[in-house]
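Note: the block below is my_file.cif and it holds mmCIF, C-alpha atoms.
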```cif
data_protein
loop_
_atom_site.label_atom_id
_atom_site.label_comp_id
_atom_site.auth_asym_id
_atom_site.auth_seq_id
_atom_site.Cartn_x
_atom_site.Cartn_y
_atom_site.Cartn_z
CA MET H 1 156.47 11.57 40.36
CA GLN H 2 152.71 11.35 39.74
CA LYS H 3 152.07 13.89 42.50
CA HIS H 4 154.66 16.21 40.99
CA ASN H 5 153.02 15.90 37.56
CA ARG H 6 149.60 16.64 39.04
CA HIS H 7 150.97 19.80 40.66
CA ARG H 8 152.54 20.87 37.37
CA ILE H 9 149.30 20.30 35.45
CA ARG H 10 147.39 22.24 38.10
CA ASN H 11 149.83 25.14 37.99
CA LEU H 12 149.82 25.25 34.19
CA SER H 13 146.03 25.22 34.20
CA LEU H 14 145.97 28.15 36.63
CA LEU H 15 148.45 29.95 34.41
CA VAL H 16 146.24 29.52 31.34
CA VAL H 17 143.11 30.57 33.24
CA SER H 18 144.89 33.64 34.63
CA ALA H 19 146.08 34.62 31.15
CA VAL H 20 142.55 34.30 29.72
CA VAL H 21 141.05 36.30 32.61
CA LEU H 22 143.62 39.07 32.15
CA TRP H 23 142.90 39.16 28.43
CA LEU H 24 139.14 39.44 29.04
CA LEU H 25 139.56 42.11 31.73
CA HIS H 26 141.80 44.08 29.40
CA GLY H 27 139.13 43.93 26.70
CA LEU H 28 136.43 45.07 29.14
CA ALA H 29 138.64 47.94 30.32
CA GLU H 30 139.17 49.06 26.72
CA THR H 31 135.42 48.94 26.12
CA ALA H 32 134.90 51.10 29.22
CA LEU H 33 137.49 53.57 27.82
CA ARG H 34 139.87 52.99 30.72
CA ASP H 35 143.57 53.73 30.45
CA THR H 36 144.58 50.12 29.85
CA ALA H 37 148.21 51.05 29.18
CA ARG H 38 148.54 52.54 32.65
CA LEU H 39 146.66 49.70 34.33
CA SER H 40 148.67 46.97 32.59
CA GLY H 41 151.88 48.93 33.16
CA TRP H 42 151.40 49.10 36.92
CA LEU H 43 150.42 45.41 37.00
CA LEU H 44 153.49 44.46 35.00
CA PHE H 45 155.72 46.59 37.22
CA GLY H 46 154.33 44.94 40.36
CA MET H 47 154.89 41.48 38.90
CA ILE H 48 158.49 42.30 37.95
CA VAL H 49 159.23 43.70 41.41
CA PHE H 50 157.80 40.51 42.92
CA LEU H 51 160.00 38.40 40.64
CA ALA H 52 163.07 40.44 41.57
CA ALA H 53 162.23 39.96 45.25
CA TYR H 54 162.89 36.22 44.89
CA ASN H 55 166.63 36.83 44.81
CA VAL H 56 166.31 38.91 47.98
CA ARG H 57 164.30 36.10 49.58
CA LYS H 58 167.12 33.62 48.82
CA LYS H 59 169.61 35.86 50.60
CA LEU H 60 167.39 36.10 53.71
CA PRO H 61 166.36 32.49 54.40
CA PHE H 62 165.92 33.18 58.13
CA LEU H 63 162.90 35.44 57.58
CA PRO H 64 159.46 33.76 57.90
CA LEU H 65 158.42 34.55 54.33
CA GLY H 66 157.43 31.10 53.17
CA SER H 67 159.53 28.28 51.80
CA SER H 68 162.03 28.81 49.02
CA ALA H 69 160.31 26.06 47.02
CA ALA H 70 156.99 27.93 47.15
CA TRP H 71 158.70 31.16 46.11
CA LEU H 72 160.33 29.36 43.20
CA GLN H 73 156.99 28.05 41.93
CA PHE H 74 155.43 31.51 42.13
CA HIS H 75 158.53 32.93 40.45
CA ILE H 76 158.23 30.53 37.53
CA TYR H 77 154.53 30.94 36.83
CA VAL H 78 154.27 34.66 37.55
CA GLY H 79 157.30 35.10 35.28
CA LEU H 80 155.56 33.22 32.47
CA LEU H 81 152.39 35.25 33.01
CA THR H 82 154.30 38.51 32.54
CA ALA H 83 154.59 37.65 28.83
CA VAL H 84 150.83 38.06 28.47
CA VAL H 85 150.72 41.26 30.52
CA PHE H 86 153.67 42.68 28.58
CA GLY H 87 151.97 41.88 25.28
CA LEU H 88 148.75 43.56 26.43
CA HIS H 89 150.71 46.56 27.70
CA ILE H 90 152.45 47.27 24.37
CA GLY H 91 149.40 46.31 22.32
CA TRP H 92 151.20 43.37 20.70
CA ARG H 93 153.25 45.73 18.54
CA LEU H 94 156.88 46.67 18.22
CA PRO H 95 157.92 49.39 20.68
CA ASN H 96 158.40 52.99 19.55
CA GLY H 97 161.13 55.32 20.76
CA GLY H 98 164.41 54.75 22.53
CA LEU H 99 163.12 54.17 26.06
CA GLU H 100 160.36 51.78 24.98
CA THR H 101 162.83 49.83 22.84
CA LEU H 102 165.30 49.65 25.73
CA LEU H 103 162.62 48.46 28.16
CA ALA H 104 161.32 45.88 25.69
CA SER H 105 164.86 44.63 25.04
CA LEU H 106 165.61 44.33 28.76
CA TYR H 107 162.34 42.51 29.36
CA GLY H 108 163.06 40.16 26.44
CA ILE H 109 166.50 39.31 27.79
CA VAL H 110 165.12 38.71 31.29
CA PHE H 111 162.26 36.55 30.02
CA VAL H 112 164.35 34.48 27.60
CA SER H 113 167.17 34.00 30.12
CA GLY H 114 164.59 32.98 32.72
CA VAL H 115 162.99 30.38 30.45
CA ALA H 116 166.43 29.14 29.40
CA GLY H 117 167.51 28.93 33.04
CA LEU H 118 164.40 26.96 33.91
CA ALA H 119 165.04 24.50 31.08
CA LEU H 120 168.72 24.18 32.03
CA SER H 121 167.98 23.63 35.72
CA ARG H 122 165.54 20.85 34.88
CA SER H 123 167.76 19.06 32.35
CA LEU H 124 171.26 19.62 33.75
CA ALA H 125 170.31 18.72 37.31
CA LYS H 126 169.31 15.25 36.09
CA ARG H 127 172.44 14.88 33.95
CA LEU H 128 174.73 15.64 36.90
CA THR H 129 173.91 12.22 38.37
CA THR H 130 174.76 10.30 35.19
CA ARG H 131 178.57 10.68 35.10
CA GLY H 132 181.20 10.72 37.79
CA ASN H 133 180.70 11.55 41.43
CA GLU H 134 178.79 14.69 42.34
CA VAL H 135 181.25 17.13 43.91
CA MET H 136 180.96 20.66 45.24
CA PHE H 137 181.66 23.19 42.51
CA GLU H 138 184.23 25.01 44.65
CA ARG H 139 186.14 21.74 45.19
CA ILE H 140 186.48 20.81 41.52
CA PRO H 141 189.79 22.72 40.99
CA VAL H 142 191.24 20.88 44.00
CA TYR H 143 190.32 17.49 42.55
CA ARG H 144 191.62 18.50 39.13
CA LYS H 145 195.00 19.45 40.59
CA ARG H 146 195.08 16.21 42.54
CA ILE H 147 194.52 14.13 39.40
CA ALA H 148 197.14 16.15 37.50
CA SER H 149 199.61 15.57 40.32
CA GLU H 150 198.89 11.84 40.33
CA VAL H 151 199.47 11.67 36.59
CA GLU H 152 202.76 13.53 36.84
CA THR H 153 203.91 11.15 39.59
CA ILE H 154 203.00 8.12 37.45
CA VAL H 155 204.97 9.51 34.50
CA LEU H 156 208.03 10.36 36.59
CA THR H 157 207.96 6.91 38.18
CA SER H 158 207.85 5.32 34.72
CA LEU H 159 211.01 7.24 33.79
CA ASP H 160 212.79 5.85 36.85
CA THR H 161 211.79 2.26 36.12
CA SER H 162 212.14 2.19 32.33
CA GLU H 163 214.79 3.24 29.86
CA SER H 164 212.11 4.25 27.35
CA THR H 165 210.77 7.82 27.23
CA ALA H 166 207.66 6.93 25.23
CA ILE H 167 205.29 7.54 28.14
CA ALA H 168 206.94 10.82 29.09
CA GLN H 169 206.89 12.01 25.48
CA PHE H 170 203.19 11.23 25.07
CA TYR H 171 202.48 12.96 28.38
CA ALA H 172 204.36 16.12 27.38
CA GLU H 173 202.72 16.33 23.97
CA ARG H 174 199.14 15.23 24.70
CA LEU H 175 198.34 14.80 28.37
CA ARG H 176 199.92 17.74 30.19
CA PRO H 177 197.74 20.33 28.35
CA TYR H 178 194.68 18.14 28.92
CA PHE H 179 195.16 17.91 32.68
CA SER H 180 196.15 21.54 33.17
CA VAL H 181 192.68 23.14 32.74
CA THR H 182 189.03 22.27 32.27
CA ARG H 183 188.45 21.03 28.73
CA ASN H 184 185.67 20.52 26.18
CA PHE H 185 183.05 22.83 27.71
CA TRP H 186 180.69 22.85 24.72
CA HIS H 187 181.04 19.14 24.08
CA HIS H 188 180.08 18.40 27.68
CA LEU H 189 177.18 20.84 27.56
CA LEU H 190 175.88 19.21 24.38
CA GLN H 191 176.37 15.71 25.83
CA SER H 192 179.09 14.75 23.34
CA ASN H 193 181.78 12.25 24.33
CA ARG H 194 183.76 12.65 21.10
CA PRO H 195 186.88 14.32 22.62
CA ARG H 196 186.99 11.73 25.42
CA PHE H 197 186.80 8.78 23.04
CA ALA H 198 189.27 10.40 20.63
CA LEU H 199 191.94 10.81 23.31
CA LEU H 200 191.36 7.36 24.79
CA SER H 201 191.50 5.81 21.31
CA GLU H 202 194.76 7.63 20.65
CA MET H 203 196.17 6.28 23.91
CA LYS H 204 195.11 2.74 23.08
CA ALA H 205 196.65 3.03 19.62
CA TYR H 206 199.90 4.14 21.28
CA HIS H 207 200.13 0.77 23.05
CA ARG H 208 201.91 -0.73 20.04
CA PHE H 209 204.95 1.45 20.79
CA LEU H 210 205.13 0.32 24.43
CA ASN H 211 206.47 -2.69 26.27
CA ASP H 212 204.34 -4.66 28.72
CA ASP H 213 205.19 -2.53 31.75
CA GLU H 214 204.54 0.69 29.86
CA ARG H 215 201.17 -0.60 28.68
CA LEU H 216 200.15 -1.03 32.31
CA VAL H 217 201.23 2.55 33.00
CA MET H 218 199.23 3.75 30.00
CA LEU H 219 196.17 1.91 31.27
CA ASP H 220 196.56 3.72 34.58
CA LEU H 221 196.77 7.03 32.72
CA GLU H 222 193.65 6.16 30.73
CA ASP H 223 191.76 5.78 33.99
CA ARG H 224 192.96 9.25 35.03
CA VAL H 225 191.88 10.70 31.67
CA ALA H 226 188.38 9.27 32.18
CA ALA H 227 188.25 10.60 35.76
CA LYS H 228 189.38 14.06 34.58
CA ASP H 229 186.75 14.03 31.83
CA ASP H 230 184.03 13.19 34.36
CA LEU H 231 185.26 16.07 36.52
CA ASP H 232 185.18 18.45 33.53
CA TYR H 233 181.62 17.28 32.84
CA GLN H 234 180.59 18.13 36.40
CA HIS H 235 182.31 21.51 36.13
CA THR H 236 180.58 22.38 32.85
CA LEU H 237 177.09 21.58 34.06
CA GLN H 238 177.47 23.16 37.48
CA ALA H 239 179.09 26.30 36.02
CA THR H 240 176.22 26.66 33.54
CA LEU H 241 173.68 26.36 36.35
CA LYS H 242 175.51 29.05 38.30
CA TYR H 243 176.56 31.55 35.65
CA TRP H 244 173.32 31.99 33.73
CA LEU H 245 172.15 33.93 36.79
CA PHE H 246 174.93 36.47 36.11
CA VAL H 247 172.88 37.47 33.07
CA HIS H 248 169.37 37.03 34.46
CA ILE H 249 169.71 38.85 37.81
CA PRO H 250 171.64 42.01 36.80
CA ILE H 251 169.38 42.57 33.76
CA THR H 252 166.35 42.13 36.04
CA TYR H 253 167.60 44.91 38.32
CA ALA H 254 168.31 47.09 35.29
CA LEU H 255 164.76 46.44 34.06
CA VAL H 256 163.32 47.47 37.44
CA ALA H 257 165.40 50.66 37.46
CA PHE H 258 164.38 51.73 33.95
CA ALA H 259 160.76 50.71 34.64
CA VAL H 260 160.72 53.08 37.63
CA PHE H 261 162.05 55.87 35.42
CA HIS H 262 159.43 55.03 32.78
CA LEU H 263 156.61 55.12 35.34
CA MET H 264 157.81 58.45 36.72
CA LEU H 265 158.01 59.88 33.22
CA VAL H 266 154.56 58.64 32.24
CA SER H 267 152.98 59.73 35.53
CA SER H 268 154.38 63.23 35.20
CA PHE H 269 152.57 63.71 31.88
CA ALA H 270 149.49 61.57 32.57
CA GLY H 271 146.15 62.90 33.63
CA GLY H 272 142.52 61.90 33.68
CA ALA H 273 140.78 58.85 35.07
CA TRP H 274 142.07 55.34 34.85
#
```

Same coordinates, now as structure tokens:
Amino acid sequence: MQKHNRHRIRNLSLLVVSAVVLWLLHGLAETALRDTARLSGWLLFGMIVFLAAYNVRKKLPFLPLGSSAAWLQFHIYVGLLTAVVFGLHIGWRLPNGGLETLLASLYGIVFVSGVAGLALSRSLAKRLTTRGNEVMFERIPVYRKRIASEVETIVLTSLDTSESTAIAQFYAERLRPYFSVTRNFWHHLLQSNRPRFALLSEMKAYHRFLNDDERLVMLDLEDRVAAKDDLDYQHTLQATLKYWLFVHIPITYALVAFAVFHLMLVSSFAGGAW
């Protein structure tokens, strides 16, 4: 942990130093009457292409291009540094015109989704180990169906062994919808156990309508409710870690495409020395 913290402090220090150096170089270039917009634009474009290449690197792990962990670190800190370069490029002002506004909006979405993804990956990855057993995301529907099937078997068995329909009635009204699909996405994401405790409290309160044998059945069902809730928790966190990329990556490619068009447009009208 201490080694990891030292690396993070070192990387953040390099990030700050790089930002200050870029700021100073930009000021010197302006003093020398250089075309700072073009210089910063090409630098920003190169950084964005490098960031987009990380996704390509993940799809080609067999190529000797360095470890994925190293690429991730460069991706994080180069991505953060683009905020400074972007600010220098637009002169720390609101963009003018349709294309500039579109490019700025795309960049903003990519940057914010990247920072959000970084925060989520750090926090949710730790939370995944706190509840239930870690399972493969693709296997979660299988386990959910298995639990639902077990619950249905327990309820049907109770009908065969008891003249009362109290368990079956409670199952039809409250439990069948609960076990049918993933529930309480936002509560799980926000680390709230309120729906879980509410349903379990309702089940415990229902004990007064049951005989001794039915209470044992209800206790068994309560265990299945808790197991299903843990599974939903795993699904919510793993889905969030997966699906934020469906925003970040496509918008990144759109940004690269429009940036190429922007560079071609600017280059076709540009002249003079850099």

Output of the PyMOL selection byres ((chain H and resi 141-150) around 12), listed as JSON, numbers by chain: {"H": [133, 134, 135, 136, 137, 138, 139, 140, 151, 152, 153, 154, 155, 156, 157, 171, 175, 176, 177, 178, 179, 180, 181, 182, 183, 220, 221, 222, 223, 224, 225, 226, 227, 228, 229, 230, 231, 232, 233, 234, 235]}

Each range 29-96 of chain H residue no farther than 12 Å from range 18-21 of chain H, nearest pair in Å, all atoms listed in the file, as CSV:
```
residue,atom,partner,partner_atom,distance
H:Tyr77,CA,H:Ser18,CA,10.2
H:Val78,CA,H:Ser18,CA,9.9
H:Gly79,CA,H:Ala19,CA,12.0
H:Leu80,CA,H:Ala19,CA,9.7
H:Leu81,CA,H:Ala19,CA,6.6
H:Thr82,CA,H:Ala19,CA,9.2
H:Ala83,CA,H:Ala19,CA,9.3
H:Val84,CA,H:Ala19,CA,6.4
H:Val85,CA,H:Ala19,CA,8.1
H:Phe86,CA,H:Ala19,CA,11.4
H:Gly87,CA,H:Ala19,CA,11.0
H:Leu88,CA,H:Ala19,CA,10.5
```

Within 10 Å of (161.2, 47.2, 27.0), only C-alpha atoms: residues as a list in words?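 Looking at atoms near the point gives Phe86, Ile90, Leu94, Pro95, Asn96, Gly98, Leu99, Glu100, Thr101, Leu102, Leu103, Ala104, Ser105, Leu106, Tyr107, Gly108, Ile109, Leu255, Phe258, Ala259 and His262 of chain H.
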
What is the distance between CA of Val247 in chain H and CA of Ser113 in chain H, in Å to one decimal?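 Atom-to-atom, CA of Val247 in chain H and CA of Ser113 in chain H are spaced 7.3 Å apart.
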
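You will find CA of Leu245 in chain H at 8.6 Å from CA of Gly114 in chain H.
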
Option closest in space to Leu200 in chain H, from H:Ile76, H:His187, H:Leu219, H:Arg10 [counting only C-alpha atoms]: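 Counting only C-alpha atoms, the residue closest to Leu200 in chain H is H:Leu219.
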
Please provide the set of residues having any atom within 9 Å of Leu263 in chain H, restricted to all atoms listed in the file, with same-chain residues fewer than 5 positions apart removed, written as a compact mmCIF listing (two decimals) with C-alpha atoms, in the frame of the given file.
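Result went into selection_27.txt, see below:
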```
# COMPACT_ATOMS: atom_id res chain seq x y z
CA ARG H 38 148.54 52.54 32.65
CA GLY H 41 151.88 48.93 33.16
CA TRP H 42 151.40 49.10 36.92
CA PHE H 45 155.72 46.59 37.22
CA PHE H 258 164.38 51.73 33.95
CA SER H 268 154.38 63.23 35.20
```

Work out how far CA of Gly117 in chain H is from CA of Pro195 in chain H, in Å to one decimal.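 Separation of CA of Pro195 in chain H and CA of Gly117 in chain H: 26.4 Å.
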
May I ask which of the residues H:Ala166, H:Ala69, H:Val110, H:Ala119 is the closest one to Glu214 in chain H, counting only C-alpha atoms?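 Among the listed residues, H:Ala166 lies closest to Glu214 in chain H.
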
Using all atoms listed in the file, which protein or nucleic acid residues come within 9 Å of range 49-63 of chain H? Drop anything in the same chain fewer than 4 positions from it, and give the result as a list in words. Leu44, Phe45, Ser67, Ser68, Trp71, Leu72, Phe74, His75, Ile76, Val78, Gly79, Ile249, Thr252, Tyr253 and Val256 of chain H

From the list H:His207, H:His89, H:Arg8, H:Arg196, which residue is nearest Ser40 in chain H when using all atoms listed in the file?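 Between H:His207, H:His89, H:Arg8, H:Arg196, the residue approaching Ser40 in chain H most closely is H:His89.
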
Of the candidates H:Gln238, H:Trp186, H:Ala37, H:Phe170, which one gets nearest to Lys204 in chain H if we count all atoms listed in the file?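 Counting all atoms listed in the file, the residue closest to Lys204 in chain H is H:Phe170.
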
Output of the PyMOL selection byres ((chain H and resi 213) around 12), listed as a CSV table (one decimal) with C-alpha atoms, in the coordinates of the input:
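Saved as out-v1.csv:
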```
chain,number,residue,atom,x,y,z
H,157,THR,CA,208.0,6.9,38.2
H,158,SER,CA,207.8,5.3,34.7
H,159,LEU,CA,211.0,7.2,33.8
H,161,THR,CA,211.8,2.3,36.1
H,162,SER,CA,212.1,2.2,32.3
H,163,GLU,CA,214.8,3.2,29.9
H,164,SER,CA,212.1,4.2,27.4
H,166,ALA,CA,207.7,6.9,25.2
H,167,ILE,CA,205.3,7.5,28.1
H,207,HIS,CA,200.1,0.8,23.0
H,209,PHE,CA,205.0,1.4,20.8
H,210,LEU,CA,205.1,0.3,24.4
H,211,ASN,CA,206.5,-2.7,26.3
H,212,ASP,CA,204.3,-4.7,28.7
H,214,GLU,CA,204.5,0.7,29.9
H,215,ARG,CA,201.2,-0.6,28.7
H,216,LEU,CA,200.2,-1.0,32.3
H,217,VAL,CA,201.2,2.6,33.0
H,218,MET,CA,199.2,3.8,30.0
H,219,LEU,CA,196.2,1.9,31.3
H,220,ASP,CA,196.6,3.7,34.6
```

Counting only C-alpha atoms, the residue of H:Lys242, H:Arg194, H:Arg174, H:Arg34 that sits nearest Ser121 in chain H: H:Lys242
